[in-house]
Amino acid sequence: MDEQIHATREIRINPIVPSESVLVATARSMRPQKEEAPAPRDTRRHVETCPFCRGNEDKTPPEIDRFPQQGDWDIRIVENLYPVLGDDRQIPGLVFGLQQAIDGYGRHEVIIDNAGHGIAVHEMSSPHLANLFRVYQRRMQQLYAMDDRLKYVLVFKNFGPAAGASMSHTHSQIIATPVVPQNVHDEVINSRNYFKKHHHCIFCAMIDEALTFETTIYDRHSGRIVRQISVGQYVVEKGEHFIAIKPFASRYEWEVHILPLEHNSNFMLSKDDEFADLANVLQRTMARLDAVIGGAQYNYFLHTEPHGEDYVGTDASYHWHLEICPRTSIPSGFELGSGLFVNTVSPETAAEQLRAVKL
Ligand SMILES: [Zn+2]
Ligand SMILES: [Zn+2]
Ligand SMILES: [Zn+2]
């Protein structure tokens, strides 16, 4: 790795949501790194007292669905014991996700990802992960069909206490709401505006760029090479149908996004046979992250086309994706005060390290 890369200090504009800019400042840490070692991971496969473990099915809130339907379950969906939303309950002014106020109804459910208590995503088999995505998809379809007031079904996972997970048993969550999270709204609207101007999807353009872009940037005065961007520099993993890339303007040091290679605005339109490849790409990406930042706490979020008349005609311009955001640093006062994210590892370096992991 050369010196210049270490000295990166520049503001990068998120091409999709320009208001979400990032200061990439690798020379000195403007953002406190987590001092403590990663929270010790609970690696136990079965815990007698855990309500999410097999055999304790009567200790969870009511079951909504399970997979497989017969025999031992591998994945279960249950009601959330402490929902942030309830059916037709008025919770005025509730702050959700990125500062979106919800007053009204919605659903909050828990998906018990795996019967293995402390199993990490990279330790789950690809066929299991493919089934998990099938379960996400089926539940989204059911929720939208149940209530046409719902505009967004957010599927996400919190892993580790810093990422907001309150249960150590591996799980994901679903929040179905009549409002669209602000960041998803911005992505959808901005990518539609981009499409109107350029007649192609900005996400597809980013993927093409990640795969093919090559350029050299010289210092104006000395003529020294400041940065070389080469083919595939932002690619972390690539499968037959999916790609994992390190965004050029990553908010988090180890943030990685997974997108379908073929244009598709809506996760619900993904075909069953594509999930095997998605599972593989996710599994390998998580294994790379684990090898580089071992045991990190993270969130992942599924961003897909919302429902509702505001979003009609966004199928050509939006492109669904999974955002994986490991929490390896604590937001600084500067970040909280300015709204500008600070990233202390250049995305190029991070992608290189992730790619270098031998799996
Ligand atoms: Zn458990
Ligand atoms: Zn696209
Ligand atoms: Zn997104």
# chains A, B, ... in the order shown; residues from 1 in each chain; ligands from 1

$ closest_atom_pairs --of "stretch 299-327 of chain A" --to "stretch 240-260 of chain A" --cutoff "10 Å" --atoms "only C-alpha atoms" --output "CSV"
residue,atom,partner,partner_atom,distance
A:Asn299,CA,A:Glu255,CA,9.7
A:Tyr300,CA,A:His257,CA,9.2
A:Phe301,CA,A:His257,CA,9.6
A:Leu302,CA,A:Ile258,CA,9.6
A:His303,CA,A:Leu259,CA,10.0
A:His319,CA,A:Leu259,CA,7.6
A:Trp320,CA,A:Leu259,CA,6.6
A:His321,CA,A:Leu259,CA,4.6
A:Leu322,CA,A:Ile258,CA,5.1
A:Glu323,CA,A:His257,CA,4.6
A:Ile324,CA,A:Val256,CA,5.2
A:Cys325,CA,A:Glu255,CA,4.6
A:Pro326,CA,A:Trp254,CA,5.9
A:Arg327,CA,A:Tyr252,CA,7.3

$ residues_near_ligand --ligand "ligand 2" --cutoff "7 Å" --atoms "only C-alpha atoms and all ligand atoms" --output "PyMOL selection string"
chain A and resi 201-204+262-265+317-319

$ residues_around --residues "stretch 151-161 of chain A" --least-positions-apart "3" --cutoff "7 Å" --atoms "only C-alpha atoms" --output "list in words"
Met140, Gly164, Ala165, Ser166, His171, Ser172, Gln173, Ile174, Ile175, Ala176, Thr177, Pro178, Val179, Val180, Gln297, Tyr298, Asn299, Tyr300, Phe301, Leu302, Pro306, His307 and Gly308 of chain A

$ write_last_selection --atoms "C-alpha atoms" --output "short mmCIF file (atom, residue, chain, number, x, y, z; two decimals), in the first residue's frame"
data_model
loop_
_atom_site.label_atom_id
_atom_site.label_comp_id
_atom_site.auth_asym_id
_atom_site.auth_seq_id
_atom_site.Cartn_x
_atom_site.Cartn_y
_atom_site.Cartn_z
CA MET A 140 -42.86 -9.00 2.52
CA GLY A 164 -28.75 -2.47 18.67
CA ALA A 165 -29.27 -6.21 19.13
CA SER A 166 -30.88 -6.93 22.47
CA HIS A 171 -32.19 -12.76 14.46
CA SER A 172 -33.41 -10.21 11.91
CA GLN A 173 -36.36 -7.88 12.12
CA ILE A 174 -39.15 -6.65 9.92
CA ILE A 175 -40.79 -3.27 10.36
CA ALA A 176 -43.72 -2.60 8.05
CA THR A 177 -44.88 1.01 8.02
CA PRO A 178 -47.12 3.46 6.20
CA VAL A 179 -44.11 5.75 5.67
CA VAL A 180 -40.93 5.19 3.70
CA GLN A 297 -21.01 -5.59 15.31
CA TYR A 298 -22.98 -4.62 12.28
CA ASN A 299 -26.35 -3.83 10.78
CA TYR A 300 -27.62 -4.81 7.42
CA PHE A 301 -30.64 -3.26 5.71
CA LEU A 302 -32.57 -4.31 2.63
CA PRO A 306 -41.43 1.21 -1.86
CA HIS A 307 -45.18 1.00 -2.46
CA GLY A 308 -47.45 3.95 -3.09
#

$ residues_near_ligand --ligand "ligand 1" --cutoff "12 Å" --atoms "only C-alpha atoms and all ligand atoms" --output "number ranges by chain"
A: 42-57, 59-60, 112-119, 167-171

$ write_last_selection --atoms "C-alpha atoms" --output "compact mmCIF listing (two decimals), in the first residue's frame"
# COMPACT_ATOMS: atom_id res chain seq x y z
CA ASP A 42 -21.74 -15.82 22.17
CA THR A 43 -20.75 -18.85 20.10
CA ARG A 44 -22.92 -21.35 21.91
CA ARG A 45 -25.17 -23.33 19.59
CA HIS A 46 -27.87 -24.02 22.18
CA VAL A 47 -28.86 -22.19 25.36
CA GLU A 48 -31.42 -23.86 27.58
CA THR A 49 -32.87 -20.56 28.83
CA CYS A 50 -33.00 -18.77 25.44
CA PRO A 51 -36.57 -18.32 24.18
CA PHE A 52 -35.30 -18.33 20.56
CA CYS A 53 -33.62 -21.73 20.86
CA ARG A 54 -35.32 -24.92 19.67
CA GLY A 55 -37.46 -26.57 22.33
CA ASN A 56 -38.51 -23.20 23.82
CA GLU A 57 -41.08 -22.36 21.14
CA LYS A 59 -41.60 -18.98 25.33
CA THR A 60 -41.69 -16.68 22.29
CA ILE A 112 -35.18 -16.12 14.20
CA ASP A 113 -32.52 -16.51 11.51
CA ASN A 114 -31.20 -19.87 12.50
CA ALA A 115 -31.76 -22.51 15.16
CA GLY A 116 -28.08 -22.22 16.16
CA HIS A 117 -28.00 -19.71 19.01
CA GLY A 118 -24.76 -17.79 18.41
CA ILE A 119 -24.06 -18.75 14.81
CA MET A 167 -30.97 -10.73 22.09
CA SER A 168 -27.80 -12.74 21.59
CA HIS A 169 -29.62 -15.39 19.57
CA THR A 170 -29.14 -14.54 15.90
CA HIS A 171 -32.19 -12.76 14.46

$ select_by_dssp --residues "stretch 51-250 of chain A" --states "strand (DSSP E or B)" --output "MDAnalysis selection string"
chainID A and resid 63:67 75:79 94:96 100:102 107:112 152:159 171:177 215:218 225:229 235:238 242:245

$ write_last_selection --atoms "N, CA and C atoms" --output "short mmCIF file (atom, residue, chain, number, x, y, z; two decimals), in the first residue's frame"
data_model
loop_
_atom_site.label_atom_id
_atom_site.label_comp_id
_atom_site.auth_asym_id
_atom_site.auth_seq_id
_atom_site.Cartn_x
_atom_site.Cartn_y
_atom_site.Cartn_z
N GLU A 63 -46.18 -17.33 17.03
CA GLU A 63 -45.47 -17.61 15.79
C GLU A 63 -46.31 -17.17 14.59
N ILE A 64 -45.63 -16.56 13.60
CA ILE A 64 -46.32 -16.12 12.38
C ILE A 64 -46.06 -17.10 11.25
N ASP A 65 -44.83 -17.60 11.18
CA ASP A 65 -44.47 -18.50 10.10
C ASP A 65 -43.24 -19.28 10.54
N ARG A 66 -43.01 -20.40 9.90
CA ARG A 66 -41.77 -21.13 10.14
C ARG A 66 -41.34 -21.83 8.86
N PHE A 67 -40.04 -22.14 8.82
CA PHE A 67 -39.49 -22.84 7.66
C PHE A 67 -38.49 -23.88 8.15
N ILE A 75 -35.92 -21.65 10.49
CA ILE A 75 -36.17 -20.20 10.55
C ILE A 75 -37.60 -20.03 11.09
N ARG A 76 -37.79 -19.08 12.00
CA ARG A 76 -39.15 -18.81 12.50
C ARG A 76 -39.40 -17.31 12.47
N ILE A 77 -40.63 -16.91 12.21
CA ILE A 77 -41.03 -15.51 12.36
C ILE A 77 -42.01 -15.44 13.52
N VAL A 78 -41.72 -14.54 14.46
CA VAL A 78 -42.62 -14.36 15.61
C VAL A 78 -42.93 -12.87 15.78
N GLU A 79 -43.98 -12.60 16.51
CA GLU A 79 -44.30 -11.21 16.84
C GLU A 79 -43.17 -10.65 17.70
N LEU A 94 -43.23 9.25 17.01
CA LEU A 94 -42.19 8.25 17.21
C LEU A 94 -41.09 8.43 16.16
N VAL A 95 -39.86 8.39 16.60
CA VAL A 95 -38.76 8.57 15.67
C VAL A 95 -38.25 7.20 15.24
N PHE A 96 -38.18 7.01 13.96
CA PHE A 96 -37.82 5.70 13.42
C PHE A 96 -36.72 5.86 12.40
N GLN A 100 -37.43 9.60 10.63
CA GLN A 100 -38.76 9.64 10.01
C GLN A 100 -39.81 9.49 11.10
N ALA A 101 -40.69 10.43 11.18
CA ALA A 101 -41.72 10.36 12.22
C ALA A 101 -42.89 9.51 11.72
N ILE A 102 -43.34 8.67 12.56
CA ILE A 102 -44.47 7.83 12.22
C ILE A 102 -45.56 8.09 13.23
N ARG A 107 -46.26 -2.91 11.52
CA ARG A 107 -45.99 -4.19 12.17
C ARG A 107 -44.51 -4.31 12.44
N HIS A 108 -44.20 -4.97 13.55
CA HIS A 108 -42.82 -5.18 13.92
C HIS A 108 -42.67 -6.66 14.28
N GLU A 109 -41.87 -7.37 13.52
CA GLU A 109 -41.75 -8.82 13.72
C GLU A 109 -40.28 -9.23 13.81
N VAL A 110 -40.06 -10.37 14.43
CA VAL A 110 -38.70 -10.88 14.59
C VAL A 110 -38.55 -12.16 13.78
N ILE A 111 -37.44 -12.25 13.05
CA ILE A 111 -37.15 -13.49 12.33
C ILE A 111 -35.99 -14.17 13.05
N ILE A 112 -36.26 -15.34 13.59
CA ILE A 112 -35.18 -16.12 14.20
C ILE A 112 -34.46 -16.77 13.04
N TYR A 152 -43.79 0.59 3.13
CA TYR A 152 -42.45 0.03 3.15
C TYR A 152 -42.34 -1.10 4.16
N VAL A 153 -41.70 -2.16 3.73
CA VAL A 153 -41.39 -3.26 4.64
C VAL A 153 -39.87 -3.31 4.75
N LEU A 154 -39.38 -2.88 5.89
CA LEU A 154 -37.93 -2.82 6.10
C LEU A 154 -37.47 -4.12 6.76
N VAL A 155 -36.55 -4.80 6.09
CA VAL A 155 -35.94 -6.00 6.66
C VAL A 155 -34.52 -5.61 7.06
N PHE A 156 -34.17 -5.88 8.29
CA PHE A 156 -32.82 -5.53 8.73
C PHE A 156 -32.34 -6.49 9.79
N LYS A 157 -31.05 -6.43 10.01
CA LYS A 157 -30.45 -7.28 11.03
C LYS A 157 -29.51 -6.44 11.87
N ASN A 158 -29.60 -6.60 13.17
CA ASN A 158 -28.65 -5.97 14.09
C ASN A 158 -27.83 -7.09 14.70
N PHE A 159 -26.54 -6.99 14.62
CA PHE A 159 -25.70 -8.01 15.23
C PHE A 159 -24.77 -7.35 16.25
N HIS A 171 -30.84 -13.09 14.94
CA HIS A 171 -32.19 -12.76 14.46
C HIS A 171 -32.16 -11.54 13.54
N SER A 172 -33.19 -11.41 12.73
CA SER A 172 -33.41 -10.21 11.91
C SER A 172 -34.75 -9.63 12.32
N GLN A 173 -35.08 -8.49 11.78
CA GLN A 173 -36.36 -7.88 12.12
C GLN A 173 -37.04 -7.35 10.88
N ILE A 174 -38.36 -7.23 11.00
CA ILE A 174 -39.15 -6.65 9.92
C ILE A 174 -39.97 -5.53 10.53
N ILE A 175 -39.90 -4.35 9.95
CA ILE A 175 -40.79 -3.27 10.36
C ILE A 175 -41.56 -2.84 9.11
N ALA A 176 -42.87 -2.98 9.18
CA ALA A 176 -43.72 -2.60 8.05
C ALA A 176 -44.46 -1.33 8.44
N THR A 177 -44.33 -0.29 7.63
CA THR A 177 -44.88 1.01 8.02
C THR A 177 -45.60 1.71 6.87
N THR A 215 -8.38 4.83 -13.90
CA THR A 215 -7.88 6.18 -14.13
C THR A 215 -6.71 6.48 -13.20
N THR A 216 -5.94 7.46 -13.59
CA THR A 216 -4.82 7.89 -12.74
C THR A 216 -4.98 9.38 -12.47
N ILE A 217 -4.88 9.75 -11.20
CA ILE A 217 -5.02 11.16 -10.85
C ILE A 217 -3.64 11.68 -10.44
N TYR A 218 -3.22 12.78 -11.11
CA TYR A 218 -1.89 13.34 -10.84
C TYR A 218 -2.01 14.61 -10.00
N ILE A 225 1.82 10.88 -8.91
CA ILE A 225 0.56 10.14 -8.95
C ILE A 225 -0.09 10.23 -7.58
N VAL A 226 -1.26 10.80 -7.56
CA VAL A 226 -1.99 10.94 -6.30
C VAL A 226 -2.79 9.66 -6.02
N ARG A 227 -3.46 9.19 -7.02
CA ARG A 227 -4.28 8.01 -6.80
C ARG A 227 -4.48 7.26 -8.11
N GLN A 228 -4.41 5.97 -8.02
CA GLN A 228 -4.70 5.16 -9.20
C GLN A 228 -5.93 4.32 -8.92
N ILE A 229 -6.91 4.47 -9.76
CA ILE A 229 -8.12 3.69 -9.60
C ILE A 229 -8.10 2.66 -10.71
N VAL A 235 -14.65 -3.76 -6.05
CA VAL A 235 -15.37 -5.03 -6.00
C VAL A 235 -14.82 -5.89 -4.87
N VAL A 236 -15.71 -6.38 -4.01
CA VAL A 236 -15.31 -7.23 -2.90
C VAL A 236 -15.58 -8.70 -3.25
N GLU A 237 -16.71 -8.94 -3.86
CA GLU A 237 -17.12 -10.30 -4.25
C GLU A 237 -17.97 -10.20 -5.50
N LYS A 238 -17.92 -11.20 -6.33
CA LYS A 238 -18.81 -11.21 -7.49
C LYS A 238 -19.27 -12.63 -7.75
N PHE A 242 -24.98 -11.57 -8.45
CA PHE A 242 -24.83 -10.50 -7.46
C PHE A 242 -23.38 -10.04 -7.35
N ILE A 243 -23.23 -8.79 -6.91
CA ILE A 243 -21.90 -8.23 -6.71
C ILE A 243 -21.88 -7.53 -5.35
N ALA A 244 -20.76 -7.65 -4.66
CA ALA A 244 -20.56 -6.91 -3.40
C ALA A 244 -19.53 -5.83 -3.67
N ILE A 245 -19.92 -4.57 -3.45
CA ILE A 245 -18.97 -3.49 -3.72
C ILE A 245 -18.79 -2.60 -2.50
#

$ closest_residue --among "A:Gly232, A:Gly333, A:Pro127, A:Pro15" --to "A:Glu352" --atoms "only C-alpha atoms"
A:Gly232

$ residues_around --residues "A:Val24" --least-positions-apart "5" --cutoff "10 Å" --atoms "only C-alpha atoms" --output "number ranges by chain"
A: 7-12, 30, 248-253, 341-347

$ write_last_selection --atoms "N, CA and C atoms" --output "mmCIF file, in the first residue's frame"
data_model
loop_
_atom_site.group_PDB
_atom_site.id
_atom_site.type_symbol
_atom_site.label_atom_id
_atom_site.label_comp_id
_atom_site.auth_asym_id
_atom_site.auth_seq_id
_atom_site.Cartn_x
_atom_site.Cartn_y
_atom_site.Cartn_z
ATOM 1 N N ALA A 7 -2.771 9.013 3.010
ATOM 2 C CA ALA A 7 -2.951 10.433 3.278
ATOM 3 C C ALA A 7 -4.252 10.988 2.696
ATOM 4 N N THR A 8 -5.149 10.116 2.269
ATOM 5 C CA THR A 8 -6.398 10.583 1.681
ATOM 6 C C THR A 8 -7.130 11.522 2.631
ATOM 7 N N ARG A 9 -7.509 12.670 2.124
ATOM 8 C CA ARG A 9 -8.395 13.546 2.884
ATOM 9 C C ARG A 9 -9.235 14.319 1.907
ATOM 10 N N GLU A 10 -10.449 13.861 1.731
ATOM 11 C CA GLU A 10 -11.310 14.515 0.755
ATOM 12 C C GLU A 10 -12.765 14.285 1.105
ATOM 13 N N ILE A 11 -13.590 15.202 0.625
ATOM 14 C CA ILE A 11 -15.020 15.021 0.821
ATOM 15 C C ILE A 11 -15.569 14.305 -0.394
ATOM 16 N N ARG A 12 -16.232 13.221 -0.150
ATOM 17 C CA ARG A 12 -16.828 12.464 -1.249
ATOM 18 C C ARG A 12 -18.338 12.586 -1.167
ATOM 19 N N MET A 30 -10.341 11.196 12.992
ATOM 20 C CA MET A 30 -11.244 12.218 13.517
ATOM 21 C C MET A 30 -12.412 11.570 14.231
ATOM 22 N N PHE A 248 -17.785 4.071 -3.089
ATOM 23 C CA PHE A 248 -16.757 5.124 -3.192
ATOM 24 C C PHE A 248 -16.894 6.115 -2.036
ATOM 25 N N ALA A 249 -18.136 6.447 -1.685
ATOM 26 C CA ALA A 249 -18.388 7.374 -0.568
ATOM 27 C C ALA A 249 -18.980 6.598 0.605
ATOM 28 N N SER A 250 -18.252 5.597 1.084
ATOM 29 C CA SER A 250 -18.741 4.780 2.208
ATOM 30 C C SER A 250 -18.818 5.602 3.481
ATOM 31 N N ARG A 251 -19.955 5.524 4.173
ATOM 32 C CA ARG A 251 -20.103 6.226 5.452
ATOM 33 C C ARG A 251 -19.333 5.530 6.563
ATOM 34 N N TYR A 252 -19.326 4.205 6.493
ATOM 35 C CA TYR A 252 -18.664 3.419 7.526
ATOM 36 C C TYR A 252 -17.419 2.773 6.935
ATOM 37 N N GLU A 253 -16.392 2.645 7.773
ATOM 38 C CA GLU A 253 -15.094 2.143 7.326
ATOM 39 C C GLU A 253 -15.218 0.839 6.526
ATOM 40 N N PHE A 341 -20.528 12.383 7.595
ATOM 41 C CA PHE A 341 -19.896 11.157 8.072
ATOM 42 C C PHE A 341 -18.387 11.269 7.902
ATOM 43 N N VAL A 342 -17.654 10.698 8.852
ATOM 44 C CA VAL A 342 -16.204 10.658 8.722
ATOM 45 C C VAL A 342 -15.782 9.207 8.607
ATOM 46 N N ASN A 343 -15.016 8.920 7.580
ATOM 47 C CA ASN A 343 -14.544 7.561 7.364
ATOM 48 C C ASN A 343 -13.025 7.598 7.419
ATOM 49 N N THR A 344 -12.433 6.841 8.344
ATOM 50 C CA THR A 344 -10.984 6.931 8.540
ATOM 51 C C THR A 344 -10.202 5.850 7.784
ATOM 52 N N VAL A 345 -10.895 5.007 7.040
ATOM 53 C CA VAL A 345 -10.199 4.017 6.203
ATOM 54 C C VAL A 345 -10.637 4.284 4.771
ATOM 55 N N SER A 346 -9.685 4.530 3.886
ATOM 56 C CA SER A 346 -10.125 4.855 2.523
ATOM 57 C C SER A 346 -10.817 3.622 1.931
ATOM 58 N N PRO A 347 -11.926 3.840 1.248
ATOM 59 C CA PRO A 347 -12.670 2.711 0.673
ATOM 60 C C PRO A 347 -11.809 1.838 -0.231
#

$ closest_residue --among "A:Asp72, A:Glu305, A:Asp277, A:Glu123" --to "ligand 3" --atoms "only C-alpha atoms and all ligand atoms"
A:Glu305

$ atom_distance --atom1 "atom CA of A:Asn14" --atom2 "atom CA of A:Leu269"
26.4 Å

$ closest_residue --among "A:Ala316, A:Leu340, A:Leu129, A:Val184" --to "ligand 3" --atoms "only C-alpha atoms and all ligand atoms"
A:Val184

$ atom_distance --atom1 "atom CA of A:Ala291" --atom2 "atom CA of A:Thr304"
28.8 Å

$ residues_around --residues "A:Leu359" --least-positions-apart "2" --cutoff "10 Å" --atoms "only C-alpha atoms" --output "ChimeraX atom specification"
/A:284-285,287-288,291,355-357
